[in-house]
Every structure is written in structure tokens, then in C-alpha cells.
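So the structure is just underneath, and the comments pick up after that.
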Amino acid sequence: MTGQASLRITEIFFSLQGETSLAGLPTVFVRLTGCPMRCRYCDTAYAFQGGTVMTLDAIVDKVQSYGARHVTVTGGEPLAQPECLPLLSRLCDLGLVVSLETGGAVSTEGVDPRVITVLDIKTPASGEYERNHWDNLQRLRAHDQLKFVLCNDSDYQWARDMVRDQLLAGKVSEVLFSPVHGQYPVRQLAEAVLADRLPVRVQLQQHKLIWGDEPGH
């Protein structure tokens, strides 16, 4: 493995995409190990450490073995490992629909323009608001997506005002509002979005509705 580009990987698995505009589609997930943030609602703390070092060749071979059209690179925080960038490009070169789920604390500079970047903006109640890398908003492309994970009504109001003040709905293909599973009632969020006529997509985590918190789904 000496001299070969590699990444530390927590898991590679085949499941249904549970979020974003691609929800419900069969997708290969490549979960990288490690994250600089500690969000209060994190549901993938098992990816903070450990993992297995894999070459980019091995990762690409594993992804291709599932025969799927869609692949999502996630974490942890995938961009915390520099070799994530060439992995994204290699996956795009295969003609796959590649999405990147990033927590927003690391710069998205250098991400292949073919990638659908799903940028998570940390809200005040997340505990990691101060870690937002605000320059990432300037790098968004029309096919990218913005995600707000909301803990309560105060988070909703903050995100609503940000969407309106910065005209975010016109900068990306989707603005996603996701209630923290089991904490912020989705009906409460849905009614607020309707009352405010907000141009966002309210999303549930489909994989949790199907498999709960079981890793590998």
C-alpha cells in the first residue's frame, strides 16, 4: 500500500438514499472516518475513529461491485481527509451520480464541479454554529443542495430568516429542512414551513423510518 493514495474508511454499504432530492434511490455509501465537529444530535459517532485504511483503487472497486448509478461520500466529515477530493473525481469519471455530504466546517474548495455538494449549515442549537465555514456559501453551484438540521423552533426561525435574507432558495437546487429525529416534531416543522410559505423541502430520514439507527443503512 506504500505510495498509493488512501483513505480511512468506516464502512462502504449499499442502501436507499434517505435524504436530499435523491431520497429513495439505491445508493452506495462511502463513509469516511473522522470528524472535527461534535454536533449534539450526531447519529454517526461510531465514525469518529477507527476504520480501515483503503487505497482509492480498492474503494472504487468496492463501489463498482454494487452496480449502482448513485454514490454518496459521507462521514464523519469526508473533507477532513485530503484524498477525498481525488476520490470524488475518480467516481465522477466513472459516469456515476456522485453526491458529497459535508458538515460545513471544512472548505469545499477543490471539490469536483460534477459533484452534488450537500452542504450542512450548522444551526445555533447544534452546538457547532461557530464552526461554519461561511465561504462555502460562495462556492455553491446551481445543482448543489443546502441542508439545515433543526433542533427546535428557534433553529427553524434562524434558518428561515437566513434563507430569506440571503435568497438561498435561488442559489441551489434544494434547500432542505430536516428535524432532528425524535426531538423536533415533524408536524410542527411542516406547519411552520406552510405558514411562512417558505420555499424549502421538509425531509425525513427515510433510512431511519425503515431501519432505525442500525449502522450500514
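Residues are named by chain letter and number: chains run A, B, ... in the order of the C-alpha cells, numbers start at 1 in each chain, and ligands are numbered from 1 in the order shown.
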Would you list the contacts of region 206-212 of chain A as a PyMOL selection string, taking every protein, DNA or RNA residue within 12 Å and counting only C-alpha atoms, but skipping same-chain residues closer than 6 positions in sequence?
chain A and resi 14-27+43+178+180-182
If you run DSSP on this backbone, which residues of chain A come out as helix (DSSP H, G or I), and could you give them as a ChimeraX atom specification?
/A:45-47,56-65,78-80,84-93,124-126,129-131,134-139,153-165,168-170,186-195,206-211
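For region 68-75 of chain A, the list of residues within 8 Å, based on only C-alpha atoms and with local chain neighbours fewer than 3 positions off taken out, reads Leu25, Pro26, Thr27, Val28, Phe29, Val30, Arg31, Leu32, Thr33, Gly34, Cys35, Thr44, Ala47, Val63, Gln64, Pro78, Leu88, Leu96, Val97, Val98, Ser99, Leu100, Glu101 and Thr102 of chain A.
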Extract, using only C-alpha atoms, all DNA, RNA and protein residues at most 12 Å from Ala5 (chain A), discarding same-chain residues fewer than 3 positions from it, and format them as a ChimeraX atom specification.
/A:1-2,8,53-59,81-87
Using N, CA and C atoms, can you export the residues from the last selection as a compact mmCIF listing (two decimals), in the first residue's frame?
```txt
# COMPACT_ATOMS: atom_id res chain seq x y z
N MET A 1 0.83 -1.20 0.00
CA MET A 1 0.00 0.00 0.00
C MET A 1 0.86 1.26 0.00
N THR A 2 2.17 1.11 0.21
CA THR A 2 3.07 2.24 0.27
C THR A 2 3.04 3.03 -1.04
N ARG A 8 -9.05 6.60 5.20
CA ARG A 8 -9.54 5.76 6.30
C ARG A 8 -11.05 5.69 6.20
N VAL A 53 -7.89 1.54 6.62
CA VAL A 53 -7.23 2.27 5.54
C VAL A 53 -7.39 1.48 4.25
N MET A 54 -7.91 2.15 3.22
CA MET A 54 -8.13 1.54 1.91
C MET A 54 -7.54 2.44 0.83
N THR A 55 -6.93 1.85 -0.18
CA THR A 55 -6.46 2.64 -1.31
C THR A 55 -7.66 3.13 -2.11
N LEU A 56 -7.44 4.18 -2.90
CA LEU A 56 -8.52 4.67 -3.75
C LEU A 56 -8.96 3.61 -4.75
N ASP A 57 -8.00 2.82 -5.23
CA ASP A 57 -8.34 1.73 -6.16
C ASP A 57 -9.31 0.75 -5.51
N ALA A 58 -9.02 0.38 -4.25
CA ALA A 58 -9.87 -0.58 -3.55
C ALA A 58 -11.26 0.00 -3.29
N ILE A 59 -11.31 1.28 -2.96
CA ILE A 59 -12.60 1.92 -2.71
C ILE A 59 -13.43 1.94 -3.98
N GLN A 81 -10.27 14.53 5.23
CA GLN A 81 -9.19 13.74 4.66
C GLN A 81 -8.92 14.26 3.24
N PRO A 82 -7.73 14.81 3.00
CA PRO A 82 -7.45 15.44 1.71
C PRO A 82 -7.67 14.53 0.51
N GLU A 83 -7.43 13.23 0.63
CA GLU A 83 -7.58 12.34 -0.51
C GLU A 83 -9.04 12.12 -0.89
N CYS A 84 -9.96 12.74 -0.14
CA CYS A 84 -11.37 12.69 -0.54
C CYS A 84 -11.57 13.36 -1.89
N LEU A 85 -10.83 14.42 -2.16
CA LEU A 85 -11.02 15.16 -3.41
C LEU A 85 -10.72 14.31 -4.64
N PRO A 86 -9.56 13.63 -4.71
CA PRO A 86 -9.35 12.76 -5.88
C PRO A 86 -10.31 11.59 -5.94
N LEU A 87 -10.78 11.10 -4.80
CA LEU A 87 -11.78 10.03 -4.83
C LEU A 87 -13.05 10.52 -5.52
```
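Of the listed residues A:Tyr41, A:Gly110, A:Glu130, A:Gly216, the one whose atoms come nearest to Glu11 (chain A) is A:Gly216, with distances taken using only C-alpha atoms.
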In region 11-213 of chain A, what's strand (DSSP E) per DSSP? Answer as a ChimeraX atom specification?
/A:11-16,26-32,52-55,70-74,97-102,116-121,145-150,174-179,201-202
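The smallest atom-to-atom distance between Arg201 (chain A) and any of A:Val106, A:Leu167, A:Leu146, A:Met162, using only C-alpha atoms, is found for A:Leu146.
Distances from A:Ala105, A:Leu119, A:Leu204, A:Ala190 to Arg131 (chain A) were compared using only C-alpha atoms, and the smallest one belongs to A:Ala105.
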Determine, using only C-alpha atoms, which residues of region 29-84 of chain A have any atom at most 12 Å from an atom of region 121-124 of chain A, and tabulate each with its shortest atom pair and distance in Å to one decimal place, rows ordered by chain and then rising number, as CSV.
```
residue,atom,partner,partner_atom,distance
A:Met37,CA,A:Lys122,CA,10.2
A:Arg38,CA,A:Lys122,CA,11.0
A:Cys39,CA,A:Lys122,CA,8.5
A:Arg40,CA,A:Pro124,CA,10.7
A:Tyr41,CA,A:Lys122,CA,11.2
A:Cys42,CA,A:Lys122,CA,11.7
```
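Proximity to Val149 (chain A) was assessed for A:Glu214, A:Gln203, A:Thr108, A:Val172 counting only C-alpha atoms; the smallest distance is recorded for A:Gln203.
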